[in-house]
Amino acid sequence: MREKQFKTLDEQIEILRHKGLIINNENYAKEVLLRENYFFLSGYRHLFLDDSNLKRFKEGTTFEELYSLFLFDRQFRNIIFKNLLIIENNLKSIIAYRLSQKYGYKENDYLRLKNFDSSPEKVRQVNDLIKKMKRQIRVNGKQHAATSHYLSNYGYIPLWVLVKVLSFGIVSELYSVLRIDDRVAIAELYQLDIVTMTNYLPILSNYRNLCAHEDILFENKTQKIIGDTIYHQLLNIEMVDGEYKYGKNDLFALIIIMKHLLTEVEVKNMVIEIEHALDNLNYNIHSISINQVLDRMGFPSNWDNIVNISKEEEK
């Protein structure tokens with residue numbers, strides 16, 4: 001295998017031109033490549049490639065179009081990330097309130113083994129999780145202002161403070177090993193059952209990390225598949241071989257999960273922002289259609305109608 005060698009901006013421009021990409025303003029293209037990185041930008045090329053020759057761009061594809069898709073994904077990622085942080089904060093608050101009220105507010109109280117699922121298959125996971133949380137207290141306790149304040153002044157960190165330094169992944173795992181009655185009570189606040197809630201949280205954690213590391217989002221697919229929902233039915237999503245084409249392990253599946261966990265106002269504002277980002281992209285692309293982008297995202301053409309489905313219809 002040949003080594004990948006460093007390429008100057010001029011060489012990068014020539015590679016793109018050799019692949020059929022139209023570059024109208026070379027100085028602008030160089031500026032973008034310097035700031036954004038050739039490797040990251042070229043990650044958005046797939047939709048623009050010629051079906052008959054996947055090493056070349058479709059005829060007429062411009063550098064500006066490629067960069068527009070890159071910028072759309074950045075804007076879309078920021079919208080999703082912002083709302084994932086809202087969900088993360090809400091879930092942390094709810095779990096902390098439930099456990100603190102029921103078991104106590106000192107770590108020696110809320111981290112007792114008896115407060116967790118006692119089934120044999122969960123014993124090891126529970127012990128590992130408690131160790132992780134104690135490690136967070138030990139490692140981050142004196143580094144974060146809030147936790148440091150409680151340690152210095154009271155000698156312990158309440159759970160409602162500790163959750164500030166817990167990752168979404170740990171909180172997701174925490175939910176999965178709570179006593180069943182606690183899991184049910186928390187899930188019911190979102191009008192979900194515990195199986196669905198347990199399935200949704202790792203997906204949210206995965207997307208949260210993807211957004212935080214600025215990976216490509218718009219065409220991401222997850223390994224986990226969500227169950228069929230009332231949204232699939234009410235939106236009349238197309239079925240292929242007995243399975244819904246959209247909203248199973250794609251970005252629309254994420255929107256469905258967020259519809260469950262955000263307030264109606266938050267969902268409405270998120271949809272408006274995504275619509276605006278899609279409108280901007282649609283204005284700036286010519287060699288591909290916005291429907292091709294929506295299809296790659298897993299969005300049905302009427303995806304935005306999800307905001308009009310009321311809580312009563314969901315039941």
# chains A, B, ... in the order shown; residues from 1 in each chain; ligands from 1

call {"tool": "residues_around", "arguments": {"residues": "Ile285 (chain A)", "least_positions_apart": "2", "cutoff": "9 Å", "atoms": "only C-alpha atoms", "output": "list in words"}}
result
Thr61, Thr62, Glu64, Glu65, Leu66, Ser68, Leu69, Leu281, Asn282, Tyr283, Ser287, Ile288, Ser289 and Ile290 of chain A

call {"tool": "select_by_dssp", "arguments": {"residues": "region 117-246 of chain A", "states": "alpha helix (DSSP H)", "output": "tab-separated table (two decimals) with N, CA and C atoms, in the first residue's frame"}}
result
chain	number	residue	atom	x	y	z
A	123	VAL	N	-25.21	-7.90	38.19
A	123	VAL	CA	-24.32	-7.68	39.35
A	123	VAL	C	-22.98	-7.08	38.94
A	124	ARG	N	-22.34	-7.67	37.94
A	124	ARG	CA	-21.02	-7.18	37.51
A	124	ARG	C	-21.12	-5.76	36.96
A	125	GLN	N	-22.15	-5.50	36.15
A	125	GLN	CA	-22.32	-4.18	35.56
A	125	GLN	C	-22.56	-3.13	36.64
A	126	VAL	N	-23.36	-3.48	37.64
A	126	VAL	CA	-23.63	-2.55	38.74
A	126	VAL	C	-22.35	-2.22	39.48
A	127	ASN	N	-21.55	-3.24	39.81
A	127	ASN	CA	-20.29	-3.00	40.52
A	127	ASN	C	-19.34	-2.14	39.71
A	128	ASP	N	-19.26	-2.42	38.41
A	128	ASP	CA	-18.39	-1.63	37.53
A	128	ASP	C	-18.85	-0.18	37.48
A	129	LEU	N	-20.15	0.03	37.40
A	129	LEU	CA	-20.68	1.38	37.32
A	129	LEU	C	-20.42	2.15	38.61
A	130	ILE	N	-20.63	1.53	39.74
A	130	ILE	CA	-20.36	2.20	41.02
A	130	ILE	C	-18.90	2.61	41.11
A	131	LYS	N	-18.00	1.73	40.62
A	131	LYS	CA	-16.57	2.06	40.60
A	131	LYS	C	-16.30	3.27	39.70
A	132	LYS	N	-16.96	3.30	38.54
A	132	LYS	CA	-16.80	4.43	37.63
A	132	LYS	C	-17.23	5.74	38.29
A	133	MET	N	-18.38	5.69	38.97
A	133	MET	CA	-18.90	6.91	39.60
A	133	MET	C	-18.01	7.35	40.76
A	134	LYS	N	-17.50	6.40	41.53
A	134	LYS	CA	-16.59	6.76	42.61
A	134	LYS	C	-15.29	7.33	42.07
A	135	ARG	N	-14.88	6.81	40.91
A	135	ARG	CA	-13.67	7.33	40.28
A	135	ARG	C	-13.89	8.77	39.82
A	136	GLN	N	-15.08	9.06	39.31
A	136	GLN	CA	-15.40	10.43	38.91
A	136	GLN	C	-15.34	11.36	40.11
A	137	ILE	N	-15.82	10.88	41.26
A	137	ILE	CA	-15.75	11.69	42.48
A	137	ILE	C	-14.30	11.94	42.86
A	138	ARG	N	-13.48	10.89	42.76
A	138	ARG	CA	-12.07	10.98	43.15
A	138	ARG	C	-11.26	11.84	42.17
A	139	VAL	N	-11.48	11.65	40.88
A	139	VAL	CA	-10.68	12.33	39.86
A	139	VAL	C	-11.16	13.75	39.61
A	140	ASN	N	-12.47	13.92	39.44
A	140	ASN	CA	-13.00	15.23	39.06
A	140	ASN	C	-13.51	16.05	40.24
A	145	ALA	N	-15.55	23.21	39.84
A	145	ALA	CA	-15.86	24.20	40.88
A	145	ALA	C	-16.97	23.72	41.82
A	146	ALA	N	-18.05	23.19	41.25
A	146	ALA	CA	-19.20	22.80	42.07
A	146	ALA	C	-18.87	21.62	42.97
A	147	THR	N	-18.25	20.58	42.40
A	147	THR	CA	-17.92	19.40	43.20
A	147	THR	C	-16.84	19.72	44.23
A	148	SER	N	-15.90	20.55	43.86
A	148	SER	CA	-14.83	20.95	44.77
A	148	SER	C	-15.41	21.71	45.96
A	149	HIS	N	-16.39	22.55	45.70
A	149	HIS	CA	-17.04	23.34	46.77
A	149	HIS	C	-17.68	22.42	47.80
A	150	TYR	N	-18.41	21.41	47.32
A	150	TYR	CA	-19.09	20.50	48.25
A	150	TYR	C	-18.09	19.63	49.01
A	151	LEU	N	-17.03	19.18	48.33
A	151	LEU	CA	-16.03	18.38	49.01
A	151	LEU	C	-15.32	19.18	50.10
A	152	SER	N	-14.97	20.41	49.79
A	152	SER	CA	-14.23	21.25	50.72
A	152	SER	C	-15.08	21.68	51.92
A	153	ASN	N	-16.36	21.96	51.64
A	153	ASN	CA	-17.21	22.51	52.70
A	153	ASN	C	-18.06	21.48	53.43
A	154	TYR	N	-18.38	20.38	52.76
A	154	TYR	CA	-19.28	19.40	53.38
A	154	TYR	C	-18.70	17.99	53.44
A	159	LEU	N	-25.70	13.84	44.63
A	159	LEU	CA	-25.85	13.32	43.28
A	159	LEU	C	-26.25	14.41	42.30
A	160	TRP	N	-27.05	15.38	42.77
A	160	TRP	CA	-27.48	16.43	41.84
A	160	TRP	C	-26.32	17.34	41.43
A	161	VAL	N	-25.21	17.27	42.15
A	161	VAL	CA	-23.98	17.98	41.77
A	161	VAL	C	-23.06	17.04	40.98
A	162	LEU	N	-22.97	15.81	41.43
A	162	LEU	CA	-22.10	14.83	40.77
A	162	LEU	C	-22.46	14.64	39.30
A	168	PHE	N	-22.64	11.43	29.48
A	168	PHE	CA	-23.95	10.93	29.08
A	168	PHE	C	-23.92	9.40	29.04
A	169	GLY	N	-22.77	8.84	28.63
A	169	GLY	CA	-22.63	7.40	28.57
A	169	GLY	C	-22.81	6.74	29.93
A	170	ILE	N	-22.21	7.34	30.98
A	170	ILE	CA	-22.34	6.80	32.33
A	170	ILE	C	-23.77	6.95	32.83
A	171	VAL	N	-24.40	8.09	32.54
A	171	VAL	CA	-25.77	8.31	32.97
A	171	VAL	C	-26.71	7.32	32.27
A	172	SER	N	-26.45	7.08	30.98
A	172	SER	CA	-27.23	6.10	30.24
A	172	SER	C	-27.10	4.72	30.86
A	173	GLU	N	-25.88	4.35	31.22
A	173	GLU	CA	-25.64	3.05	31.86
A	173	GLU	C	-26.27	3.01	33.24
A	174	LEU	N	-26.20	4.13	33.96
A	174	LEU	CA	-26.80	4.22	35.29
A	174	LEU	C	-28.29	3.91	35.22
A	175	TYR	N	-28.98	4.49	34.26
A	175	TYR	CA	-30.41	4.23	34.11
A	175	TYR	C	-30.67	2.74	33.89
A	176	SER	N	-29.84	2.10	33.11
A	176	SER	CA	-30.08	0.70	32.73
A	176	SER	C	-29.92	-0.27	33.89
A	180	ILE	N	-36.02	-1.66	39.00
A	180	ILE	CA	-37.06	-1.58	37.97
A	180	ILE	C	-38.08	-0.48	38.27
A	181	ASP	N	-38.47	-0.33	39.54
A	181	ASP	CA	-39.46	0.70	39.86
A	181	ASP	C	-38.94	2.10	39.57
A	182	ASP	N	-37.63	2.31	39.76
A	182	ASP	CA	-37.04	3.62	39.45
A	182	ASP	C	-36.99	3.84	37.95
A	183	ARG	N	-36.63	2.80	37.20
A	183	ARG	CA	-36.60	2.92	35.74
A	183	ARG	C	-37.99	3.22	35.18
A	184	VAL	N	-38.99	2.53	35.72
A	184	VAL	CA	-40.36	2.74	35.27
A	184	VAL	C	-40.80	4.17	35.55
A	185	ALA	N	-40.54	4.66	36.76
A	185	ALA	CA	-40.96	6.02	37.14
A	185	ALA	C	-40.32	7.07	36.25
A	186	ILE	N	-39.05	6.89	35.92
A	186	ILE	CA	-38.35	7.87	35.07
A	186	ILE	C	-38.86	7.79	33.64
A	187	ALA	N	-39.02	6.59	33.11
A	187	ALA	CA	-39.50	6.41	31.74
A	187	ALA	C	-40.91	6.97	31.58
A	188	GLU	N	-41.75	6.80	32.59
A	188	GLU	CA	-43.13	7.27	32.50
A	188	GLU	C	-43.22	8.80	32.41
A	189	LEU	N	-42.22	9.48	32.93
A	189	LEU	CA	-42.19	10.95	32.79
A	189	LEU	C	-42.09	11.35	31.33
A	194	ILE	N	-39.78	1.04	29.85
A	194	ILE	CA	-38.36	0.96	30.21
A	194	ILE	C	-37.51	0.32	29.11
A	195	VAL	N	-38.10	-0.59	28.32
A	195	VAL	CA	-37.35	-1.21	27.23
A	195	VAL	C	-36.98	-0.16	26.18
A	196	THR	N	-37.97	0.66	25.81
A	196	THR	CA	-37.73	1.71	24.82
A	196	THR	C	-36.74	2.74	25.35
A	197	MET	N	-36.91	3.16	26.60
A	197	MET	CA	-36.01	4.14	27.20
A	197	MET	C	-34.58	3.59	27.25
A	198	THR	N	-34.44	2.34	27.63
A	198	THR	CA	-33.11	1.72	27.70
A	198	THR	C	-32.47	1.63	26.33
A	199	ASN	N	-33.27	1.43	25.29
A	199	ASN	CA	-32.76	1.36	23.93
A	199	ASN	C	-32.38	2.75	23.40
A	200	TYR	N	-33.16	3.76	23.76
A	200	TYR	CA	-32.93	5.11	23.24
A	200	TYR	C	-31.65	5.76	23.79
A	201	LEU	N	-31.38	5.56	25.07
A	201	LEU	CA	-30.30	6.33	25.71
A	201	LEU	C	-28.91	6.09	25.12
A	202	PRO	N	-28.50	4.84	24.83
A	202	PRO	CA	-27.18	4.66	24.19
A	202	PRO	C	-27.10	5.31	22.81
A	203	ILE	N	-28.21	5.35	22.10
A	203	ILE	CA	-28.22	6.00	20.78
A	203	ILE	C	-27.97	7.49	20.95
A	204	LEU	N	-28.64	8.09	21.93
A	204	LEU	CA	-28.43	9.52	22.21
A	204	LEU	C	-26.99	9.78	22.64
A	205	SER	N	-26.46	8.91	23.48
A	205	SER	CA	-25.07	9.06	23.94
A	205	SER	C	-24.10	8.99	22.78
A	206	ASN	N	-24.34	8.06	21.84
A	206	ASN	CA	-23.49	7.91	20.66
A	206	ASN	C	-23.51	9.17	19.81
A	207	TYR	N	-24.71	9.71	19.58
A	207	TYR	CA	-24.81	10.92	18.76
A	207	TYR	C	-24.22	12.13	19.48
A	208	ARG	N	-24.36	12.16	20.79
A	208	ARG	CA	-23.78	13.27	21.56
A	208	ARG	C	-22.27	13.30	21.38
A	209	ASN	N	-21.63	12.12	21.44
A	209	ASN	CA	-20.18	12.04	21.26
A	209	ASN	C	-19.78	12.36	19.83
A	210	LEU	N	-20.58	11.90	18.88
A	210	LEU	CA	-20.30	12.18	17.47
A	210	LEU	C	-20.32	13.69	17.22
A	211	CYS	N	-21.33	14.36	17.77
A	211	CYS	CA	-21.44	15.83	17.60
A	211	CYS	C	-20.29	16.54	18.28
A	212	ALA	N	-19.94	16.10	19.48
A	212	ALA	CA	-18.88	16.76	20.24
A	212	ALA	C	-17.54	16.68	19.53
A	230	ILE	N	-45.54	5.36	16.65
A	230	ILE	CA	-46.74	5.98	16.09
A	230	ILE	C	-46.36	6.99	15.02
A	231	TYR	N	-45.15	7.54	15.10
A	231	TYR	CA	-44.70	8.53	14.11
A	231	TYR	C	-44.51	7.89	12.74
A	232	HIS	N	-43.95	6.69	12.72
A	232	HIS	CA	-43.81	5.98	11.45
A	232	HIS	C	-45.18	5.79	10.80
A	233	GLN	N	-46.13	5.44	11.63
A	233	GLN	CA	-47.48	5.17	11.12
A	233	GLN	C	-48.18	6.43	10.65
A	234	LEU	N	-48.19	7.48	11.49
A	234	LEU	CA	-48.94	8.69	11.16
A	234	LEU	C	-48.31	9.48	10.01

call {"tool": "residues_around", "arguments": {"residues": "Val32 (chain A)", "least_positions_apart": "5", "cutoff": "10 Å", "atoms": "only C-alpha atoms", "output": "list of chain:residue names"}}
result
A:Leu9, A:Glu26, A:Asn27, A:Asn37, A:Tyr38, A:Leu41, A:Phe63, A:Glu64, A:Tyr67

call {"tool": "closest_residue", "arguments": {"among": "A:Leu84, A:Ile256, A:Leu91, A:Leu99", "to": "Leu235 (chain A)", "atoms": "only C-alpha atoms"}}
result
A:Ile256

call {"tool": "closest_residue", "arguments": {"among": "A:Val265, A:Leu21, A:Met297, A:Val271", "to": "Lys248 (chain A)", "atoms": "only C-alpha atoms"}}
result
A:Met297

call {"tool": "residues_around", "arguments": {"residues": "Leu54 (chain A)", "least_positions_apart": "6", "cutoff": "10 Å", "atoms": "only C-alpha atoms", "output": "list in words"}}
result
Lys19, Arg45, His46, Leu47 and Phe48 of chain A

call {"tool": "closest_residue", "arguments": {"among": "A:Asn83, A:Pro158, A:Arg17, A:Phe116", "to": "Ser100 (chain A)", "atoms": "only C-alpha atoms"}}
result
A:Pro158

call {"tool": "select_by_dssp", "arguments": {"residues": "region 12-192 of chain A", "states": "strand (DSSP E)", "output": "VMD selection string"}}
result
chain A and resid 49 to 50 53 to 57
